[in-house]
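Take a look at the structure below.
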Amino acid sequence: MQNYDLIIIGGGPAGIAAGIYAARQRLNTLLITKSFGGQIARKAVAIENYPGLGKISGLELIKKFTDHLKKLPVDIVQDAVVKVKKTGQIFLISIENKKTFQAKAVIVASGADPRPLEVPGEKKFIGKGVSYCTACDAPLFAQKIVAVAGGGNSGFEAAIALSKWSKKIYILERGPKPRADEINQEIAKKTGKVEVLTDVVLKEVKGKDFVNSVVYQDKKRKKETTLLVDGIFVEIGSQPATSFVESLVDFNKKDEIIVNHHTGETKTPGLFVAGDVANLPFKQIVIAAGEGAKAAMAVSNYLQNK
Ligand SMILES: Cc1cc2nc3c(=O)[nH]c(=O)nc-3n(C[C@H](O)[C@H](O)[C@H](O)COP(=O)(O)OP(=O)(O)OC[C@H]3O[C@@H](n4cnc5c(N)ncnc54)[C@H](O)[C@@H]3O)c2cc1C
């Protein structure tokens, strides 16, 4: 079994920054990630708030992050972690392809996954009209009619990105009015292609081989309506990715892992957490990267003190 000082779980901004800092601390480090980039990969429009980079696409930023990491002596395995266990002073980390790795410390930087709608038909049509990634899938809907579930900033940004391709976009918002910033609402309006339906609850995704409609309920009139669409983009928020570590940490009401905000440490000595998966109030790329750096430095102190 391969033995490391530190195993980092996640290849988003928090995990990558942790990897860069761990390499500088000369820790023998393995980074395991399902994919690189994390939520940035889903970002449909440019990122404009990462210091020093001005306006940059999600894919370009991911490339900059991963190019930096890959220049350093950090081992990388691309797979999903399924279980983290602690026996004595040692952590055992198992991945989907049945291998297990060993480490003295772990940083969980697994971020968040898109929150599903949990309505009939959603799972069946994933990749066949149901998408959680506008940045990845928008071009597949050229000249099509699509729905976007969620009227927050992510929903409006998705609709704006889709307006370059699709001929009509419906935004379906549960609440009485959109939650997106005014600026996003204005840009969406200017496209002339976006229609916002408020006070509606999605009930079902329907289709044959591909999505051909969604059913929603009008909350005020209690009436169900079938909307003919070729696809639906789900933008109703995210949920922390924590299933593999449940027995070693405590959670808050949002299912985020509770950490010591000075160090990222959890209730299990040697198990640190960084980025969106932690109970931090603000979820941003620069914050996640900072938290990753902080956790790697805290791991270095922890290992020295042992
Ligand atoms: C649509 C959208 C737009 C956004 N726009 C902005 C913006 O403009 N500016 C900004 O600053 N922030 C933005 N954010 C927020 C920002 O993307 C997040 O705060 C940031 O990505 C969090 O980084 P992270 O590393 O904590 O987690 P994530 O980015 O979620 O990365 C988590 C990583 O962990 C991996 N992982 C998950 N589970 C496992 C497992 N079991 N095993 C192995 N690996 C695993 C994933 O593959 C991924 O690589 C946006 C988010 C979204 C969804």
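Letters for chains follow the order of the structure tokens (A, B, ...), residue numbers begin at 1 for each chain, and ligand numbers begin at 1 in the order shown.
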Using only C-alpha atoms, which residues sit within 12 Å of Ala298 in chain A once same-chain residues fewer than 6 positions away are excluded, as a PyMOL selection string? chain A and resi 6+18+21-22+25+27+105-107+260-266+269-274+291-292+304-305
Ligand 1: which residues are within 6 Å, counting only C-alpha atoms and all ligand atoms, as a PDB file with C-alpha atoms, in the first residue's frame?
ATOM      1  CA  ILE A   9      -9.275  14.797  -1.891  1.00  0.00           C
ATOM      2  CA  GLY A  10     -10.511  17.148  -4.633  1.00  0.00           C
ATOM      3  CA  GLY A  11      -9.076  18.925  -7.653  1.00  0.00           C
ATOM      4  CA  GLY A  12     -10.979  22.198  -7.439  1.00  0.00           C
ATOM      5  CA  PRO A  13      -9.441  25.520  -6.309  1.00  0.00           C
ATOM      6  CA  ALA A  14      -9.157  24.386  -2.656  1.00  0.00           C
ATOM      7  CA  GLY A  15      -7.534  21.015  -3.434  1.00  0.00           C
ATOM      8  CA  ILE A  32      -7.066  12.266  -5.629  1.00  0.00           C
ATOM      9  CA  THR A  33      -9.830  13.852  -7.662  1.00  0.00           C
ATOM     10  CA  LYS A  34     -12.791  12.745  -9.753  1.00  0.00           C
ATOM     11  CA  SER A  35     -11.998  15.552 -12.194  1.00  0.00           C
ATOM     12  CA  PHE A  36     -10.065  18.804 -12.285  1.00  0.00           C
ATOM     13  CA  GLY A  37     -11.619  22.218 -11.892  1.00  0.00           C
ATOM     14  CA  GLY A  38     -14.636  21.413  -9.792  1.00  0.00           C
ATOM     15  CA  GLN A  39     -17.461  23.889  -9.966  1.00  0.00           C
ATOM     16  CA  ILE A  40     -15.496  26.305 -12.159  1.00  0.00           C
ATOM     17  CA  ARG A  42     -19.766  24.486 -14.759  1.00  0.00           C
ATOM     18  CA  LYS A  43     -19.352  28.237 -14.950  1.00  0.00           C
ATOM     19  CA  ILE A  47     -14.987  34.678 -14.171  1.00  0.00           C
ATOM     20  CA  ASN A  49     -13.295  38.323  -9.739  1.00  0.00           C
ATOM     21  CA  ASP A  79     -10.725   8.621  -9.413  1.00  0.00           C
ATOM     22  CA  ALA A  80     -13.465   9.003  -6.806  1.00  0.00           C
ATOM     23  CA  VAL A  81     -12.746   8.470  -3.131  1.00  0.00           C
ATOM     24  CA  VAL A  82     -15.372   6.144  -1.657  1.00  0.00           C
ATOM     25  CA  ALA A 109     -11.557  19.558  -0.528  1.00  0.00           C
ATOM     26  CA  SER A 110     -14.389  17.799  -2.321  1.00  0.00           C
ATOM     27  CA  GLY A 111     -16.532  20.920  -2.743  1.00  0.00           C
ATOM     28  CA  ALA A 112     -20.111  20.583  -3.798  1.00  0.00           C
ATOM     29  CA  SER A 154     -26.506  30.628 -11.705  1.00  0.00           C
ATOM     30  CA  ALA A 241     -19.834  16.162  -1.380  1.00  0.00           C
ATOM     31  CA  GLY A 275     -13.224  25.116   0.466  1.00  0.00           C
ATOM     32  CA  ASP A 276     -16.939  24.896  -0.217  1.00  0.00           C
ATOM     33  CA  VAL A 277     -17.388  21.593   1.608  1.00  0.00           C
ATOM     34  CA  LYS A 283     -18.233  30.265  -1.388  1.00  0.00           C
ATOM     35  CA  GLN A 284     -15.832  31.775  -3.916  1.00  0.00           C
ATOM     36  CA  ILE A 285     -12.813  30.600  -5.909  1.00  0.00           C
ATOM     37  CA  VAL A 286     -10.335  32.921  -4.189  1.00  0.00           C
ATOM     38  CA  ALA A 288     -11.521  28.196  -1.547  1.00  0.00           C
TER      39      ALA A 288
END
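For range 205-289 of chain A, the set of residues given alpha helix (DSSP H) by DSSP on the backbone reads Ile285, Val286, Ile287, Ala288 and Ala289 of chain A.
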Mind checking which residues fall within 7 Å of range 218-229 of chain A, counting only C-alpha atoms, ignoring those fewer than 6 positions away in the same chain, and posting them as a VMD selection string? chain A and resid 145 to 147 199 to 201 212
When DSSP is applied to the backbone of this structure, which of range 166-263 of chain A are assigned strand (DSSP E or B)? Write them out as a PyMOL selection string. chain A and resi 168-172+194-197+200-207+211-218+223-228+231-234+238-240+251+257
List the spatial neighbours of Gln2 in chain A as a VMD selection string - criterion: any atom at most 10 Å away, only C-alpha atoms, same-chain residues fewer than 3 positions off excluded. chain A and resid 30 99 to 103
One decimal, Å: what's the distance from CA of Phe210 in chain A over to CA of Val194 in chain A, could you say? 22.3 Å
Using only C-alpha atoms, find the one residue out of A:Val84, A:Ile16, A:Val214, A:Val299 that sits nearest to Leu117 in chain A.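 Checking each of A:Val84, A:Ile16, A:Val214, A:Val299 against Leu117 in chain A, counting only C-alpha atoms, the winner is A:Val214.
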Among A:Ser94, A:Asn153, A:Asn3, A:Ser131, Val211 in chain A is approached most closely, using only C-alpha atoms, by A:Ser131
For Tyr216 in chain A, the nearest of the candidates A:Met297, A:Val119, A:Leu140, A:Cys133, counting only C-alpha atoms: A:Val119
Could you give me, as a count of residues only, the residues within 10 Å of Lys83 in chain A, counting only C-alpha atoms and dropping anything in the same chain fewer than 5 positions from it? 12
If we count only C-alpha atoms and set the cut-off at 7 Å, which residues sit around Glu157 in chain A, ignoring sequence neighbours fewer than 2 positions away in its own chain? Please answer as number ranges by chain. A: 44-45, 153-155, 159-161, 184
File of the preceding selection, all heavy atoms, as a PDB file, in the first residue's frame:
ATOM      1  N   ALA A  44     -20.782  29.135 -16.688  1.00  0.00           N
ATOM      2  CA  ALA A  44     -21.165  29.364 -18.084  1.00  0.00           C
ATOM      3  C   ALA A  44     -20.604  30.656 -18.666  1.00  0.00           C
ATOM      4  O   ALA A  44     -20.354  30.753 -19.853  1.00  0.00           O
ATOM      5  CB  ALA A  44     -22.689  29.382 -18.170  1.00  0.00           C
ATOM      6  N   VAL A  45     -20.444  31.652 -17.815  1.00  0.00           N
ATOM      7  CA  VAL A  45     -19.899  32.918 -18.327  1.00  0.00           C
ATOM      8  C   VAL A  45     -18.538  33.156 -17.659  1.00  0.00           C
ATOM      9  O   VAL A  45     -18.169  32.440 -16.743  1.00  0.00           O
ATOM     10  CB  VAL A  45     -20.870  34.107 -18.065  1.00  0.00           C
ATOM     11  CG1 VAL A  45     -22.156  33.933 -18.835  1.00  0.00           C
ATOM     12  CG2 VAL A  45     -21.178  34.247 -16.582  1.00  0.00           C
ATOM     13  N   ASN A 153     -28.569  33.664  -9.538  1.00  0.00           N
ATOM     14  CA  ASN A 153     -27.519  34.103 -10.469  1.00  0.00           C
ATOM     15  C   ASN A 153     -27.071  32.981 -11.400  1.00  0.00           C
ATOM     16  O   ASN A 153     -26.864  33.206 -12.598  1.00  0.00           O
ATOM     17  CB  ASN A 153     -26.323  34.650  -9.700  1.00  0.00           C
ATOM     18  CG  ASN A 153     -26.569  36.068  -9.247  1.00  0.00           C
ATOM     19  OD1 ASN A 153     -27.218  36.836  -9.953  1.00  0.00           O
ATOM     20  ND2 ASN A 153     -26.100  36.406  -8.065  1.00  0.00           N
ATOM     21  N   SER A 154     -26.944  31.748 -10.854  1.00  0.00           N
ATOM     22  CA  SER A 154     -26.506  30.628 -11.705  1.00  0.00           C
ATOM     23  C   SER A 154     -27.514  30.382 -12.816  1.00  0.00           C
ATOM     24  O   SER A 154     -27.142  30.136 -13.968  1.00  0.00           O
ATOM     25  CB  SER A 154     -26.353  29.348 -10.884  1.00  0.00           C
ATOM     26  OG  SER A 154     -25.389  29.527  -9.906  1.00  0.00           O
ATOM     27  N   GLY A 155     -28.805  30.438 -12.475  1.00  0.00           N
ATOM     28  CA  GLY A 155     -29.855  30.216 -13.483  1.00  0.00           C
ATOM     29  C   GLY A 155     -29.822  31.274 -14.564  1.00  0.00           C
ATOM     30  O   GLY A 155     -29.898  30.983 -15.759  1.00  0.00           O
ATOM     31  N   ALA A 159     -28.914  31.001 -18.511  1.00  0.00           N
ATOM     32  CA  ALA A 159     -29.816  31.466 -19.577  1.00  0.00           C
ATOM     33  C   ALA A 159     -29.085  32.415 -20.537  1.00  0.00           C
ATOM     34  O   ALA A 159     -29.262  32.347 -21.762  1.00  0.00           O
ATOM     35  CB  ALA A 159     -31.031  32.145 -18.956  1.00  0.00           C
ATOM     36  N   ILE A 160     -28.243  33.293 -19.970  1.00  0.00           N
ATOM     37  CA  ILE A 160     -27.493  34.243 -20.820  1.00  0.00           C
ATOM     38  C   ILE A 160     -26.554  33.467 -21.755  1.00  0.00           C
ATOM     39  O   ILE A 160     -26.469  33.738 -22.954  1.00  0.00           O
ATOM     40  CB  ILE A 160     -26.709  35.256 -19.938  1.00  0.00           C
ATOM     41  CG1 ILE A 160     -27.688  36.147 -19.183  1.00  0.00           C
ATOM     42  CG2 ILE A 160     -25.749  36.088 -20.770  1.00  0.00           C
ATOM     43  CD1 ILE A 160     -27.083  36.886 -17.978  1.00  0.00           C
ATOM     44  N   ALA A 161     -25.861  32.472 -21.189  1.00  0.00           N
ATOM     45  CA  ALA A 161     -24.950  31.664 -22.018  1.00  0.00           C
ATOM     46  C   ALA A 161     -25.744  30.890 -23.077  1.00  0.00           C
ATOM     47  O   ALA A 161     -25.340  30.806 -24.240  1.00  0.00           O
ATOM     48  CB  ALA A 161     -24.163  30.702 -21.139  1.00  0.00           C
ATOM     49  N   ASN A 184     -27.738  40.750 -13.969  1.00  0.00           N
ATOM     50  CA  ASN A 184     -27.981  39.518 -14.724  1.00  0.00           C
ATOM     51  C   ASN A 184     -29.392  39.494 -15.316  1.00  0.00           C
ATOM     52  O   ASN A 184     -29.602  39.036 -16.435  1.00  0.00           O
ATOM     53  CB  ASN A 184     -27.763  38.299 -13.821  1.00  0.00           C
ATOM     54  CG  ASN A 184     -26.285  37.940 -13.744  1.00  0.00           C
ATOM     55  OD1 ASN A 184     -25.518  38.224 -14.658  1.00  0.00           O
ATOM     56  ND2 ASN A 184     -25.883  37.321 -12.637  1.00  0.00           N
TER      57      ASN A 184
END
Could you give me, as a list of chain:residue names, the residues within 10 Å of Pro116 in chain A, counting only C-alpha atoms and dropping anything in the same chain fewer than 3 positions from it?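 Listing them by chain and then by number gives A:Asp113, A:Val119, A:Glu122, A:Lys123, A:Tyr132, A:Val234, A:Glu235, A:Ile236, A:Gly237, A:Ser238, A:Gln239.
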File dump, residues just selected, N, CA, C and O atoms, as a CSV table (one decimal), in the first residue's frame:
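Output saved as selection_36.csv:
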chain,number,residue,atom,x,y,z
A,113,ASP,N,-21.6,19.3,-5.2
A,113,ASP,CA,-22.2,18.8,-6.4
A,113,ASP,C,-23.5,19.5,-6.7
A,113,ASP,O,-24.1,20.0,-5.7
A,119,VAL,N,-37.1,15.0,-9.3
A,119,VAL,CA,-38.5,14.8,-9.8
A,119,VAL,C,-38.4,13.6,-10.8
A,119,VAL,O,-37.4,13.3,-11.3
A,122,GLU,N,-36.0,12.9,-14.1
A,122,GLU,CA,-34.7,13.7,-14.1
A,122,GLU,C,-33.5,12.7,-14.3
A,122,GLU,O,-32.7,12.9,-15.2
A,123,LYS,N,-33.4,11.7,-13.5
A,123,LYS,CA,-32.3,10.7,-13.6
A,123,LYS,C,-32.2,10.1,-15.0
A,123,LYS,O,-31.2,9.9,-15.6
A,132,TYR,N,-26.5,19.5,-16.0
A,132,TYR,CA,-26.1,20.3,-14.8
A,132,TYR,C,-25.0,21.2,-15.1
A,132,TYR,O,-24.3,21.8,-14.2
A,234,VAL,N,-30.3,22.3,-14.9
A,234,VAL,CA,-30.7,22.4,-13.5
A,234,VAL,C,-29.7,23.3,-12.7
A,234,VAL,O,-28.5,23.0,-12.7
A,235,GLU,N,-30.2,24.4,-12.2
A,235,GLU,CA,-29.3,25.4,-11.6
A,235,GLU,C,-30.0,25.9,-10.2
A,235,GLU,O,-30.3,27.0,-10.0
A,236,ILE,N,-30.2,24.9,-9.4
A,236,ILE,CA,-30.9,25.2,-8.1
A,236,ILE,C,-29.9,25.1,-6.9
A,236,ILE,O,-30.4,24.8,-5.8
A,237,GLY,N,-28.7,25.3,-7.1
A,237,GLY,CA,-27.7,25.3,-6.0
A,237,GLY,C,-26.9,24.0,-5.9
A,237,GLY,O,-27.0,23.2,-6.9
A,238,SER,N,-26.3,23.8,-4.8
A,238,SER,CA,-25.4,22.6,-4.7
A,238,SER,C,-25.4,22.0,-3.4
A,238,SER,O,-25.9,22.6,-2.4
A,239,GLN,N,-24.9,20.8,-3.3
A,239,GLN,CA,-24.8,20.1,-1.9
A,239,GLN,C,-23.4,19.6,-1.7
A,239,GLN,O,-22.8,19.1,-2.6
Measure the distance from CA of Gly151 in chain A to CA of Arg115 in chain A in Å and round it to one decimal. 14.1 Å
